[in-house]
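A quick write-up on the structure given underneath.
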Amino acid sequence: MSDTLIQAAPADRTARARLLDLLNYHSARFRQIEHAPEGRTDLASALRGHPVGQAAKCIVVRVKVTKKSSRYVLAVVPGDRRVDLGRIRELWEARDASFADRATAERLSGCVSGAIVPFAFDPALELVVDPDLLEHDEIFFNAADLNLSVALDVRDYLRIADPRTESIAEKAAALAG
């Protein structure tokens, strides 16, 4: 991951400001989209006017490696899919994987729930992205704020975030049931 992402931000810097500063610093191709406050991926996608599959759904996962040791993963999947916790557990050779509690997710991401960005600003958060999301030219996500989103060029996202890419989304057929 880029050294720029790992540096701790001053406490008074918002995640939104850190995100926009990061994108500008790296000359990323992106645009901001203001909309009514919304944290649900399907509804935010409708407000932004793009297919749900282009949305970066960002979920903080607690990975219990041993009885006494846990780590946290920022799992990013297409908006029309769910995080496959079994796959996360397998990738980290862990005993268990579960969604982090809201307070932990917000603390590690620096974002309110529903507006977590697909960048790991805290070194305690490991970033992994499903490759199906990266098939698009642009990805969309709330910009650490429920009423502002970003449409970001996928090549720039990969260049700046340098994420681990693994198949971590449940297959579409699994969602039908």
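Numbering starts fresh at 1 for the residues of each chain in the structure tokens, the chains themselves are lettered A, B, ... in the order given, and ligands are numbered from 1 as they appear.
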Can you build me a table of segment 113-136 of chain A residues sitting at most 9 Å from segment 16-28 of chain A, with the closest atom pair per residue and its distance in Å to one decimal, using only C-alpha atoms, sorted by chain and residue number, as a tab-separated table?
```
residue	atom	partner	partner_atom	distance
A:Val117	CA	A:Leu19	CA	8.1
A:Phe119	CA	A:Leu19	CA	8.2
A:Phe121	CA	A:Arg18	CA	8.6
```
Produce a file of the selected residues containing N, CA, C and O atoms, as a short mmCIF file (atom, residue, chain, number, x, y, z; two decimals), in the first residue's frame.
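Here's the written file result_13.cif:
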```cif
data_model
loop_
_atom_site.label_atom_id
_atom_site.label_comp_id
_atom_site.auth_asym_id
_atom_site.auth_seq_id
_atom_site.Cartn_x
_atom_site.Cartn_y
_atom_site.Cartn_z
N VAL A 117 -14.99 4.46 3.13
CA VAL A 117 -14.30 4.58 1.84
C VAL A 117 -13.42 3.35 1.59
O VAL A 117 -12.99 2.69 2.53
N PHE A 119 -10.40 2.85 1.09
CA PHE A 119 -9.00 3.11 1.36
C PHE A 119 -8.76 2.84 2.85
O PHE A 119 -9.60 3.21 3.68
N PHE A 121 -6.92 3.99 5.83
CA PHE A 121 -6.13 5.07 6.39
C PHE A 121 -5.45 4.66 7.70
O PHE A 121 -4.55 5.32 8.15
#
```
| request: Identify all residues of chain A in helix (DSSP H, G or I) (DSSP on the backbone) and supply them as a count of residues only. | output: 59
Can you write out as CSV which residues of segment 19-49 of chain A fall within 10 Å of segment 73-83 of chain A, alongside each residue's closest atom pair and its distance in Å to one decimal, counting only C-alpha atoms and ordering rows by chain and ascending residue number?
```
residue,atom,partner,partner_atom,distance
A:Arg40,CA,A:Gly79,CA,9.4
A:Thr41,CA,A:Gly79,CA,6.0
A:Asp42,CA,A:Gly79,CA,7.1
A:Ala44,CA,A:Gly79,CA,10.0
A:Ser45,CA,A:Gly79,CA,8.4
```
| said: Applying 9 Å and only C-alpha atoms, which residues near segment 33-37 of chain A remain after dropping the ones on its own chain fewer than 3 positions away? List them as JSON, numbers by chain. | reply: {"A": [44, 47, 48, 142, 145, 146, 147, 148, 149, 150, 151]}
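Using only C-alpha atoms, the shortest contact distance between Ser69 of chain A and any of A:Val52, A:Leu85, A:Lys57, A:Asp96 is found at A:Asp96.
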| Which residue, A:Arg155, A:Arg62, A:Arg71, A:Arg164, has the smallest gap to Phe30 of chain A when you use only C-alpha atoms? |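 Nearest candidate to Phe30 of chain A out of A:Arg155, A:Arg62, A:Arg71, A:Arg164: A:Arg155.
Atom CA of Val112 of chain A is found 16.8 Å from atom CA of Leu43 of chain A.
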| query | Looking at A:Val63, A:Ile160, A:Val154, A:Ala120, which one is nearest to Leu91 of chain A, with distances taken over only C-alpha atoms? | reply |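 Smallest distance to Leu91 of chain A is found for A:Val63.
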| From A:Phe140, A:Leu158, A:Ala169, A:Asp84, residue lying nearest Gly49 of chain A [only C-alpha atoms] |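 The answer is A:Phe140, which sits nearest to Gly49 of chain A.
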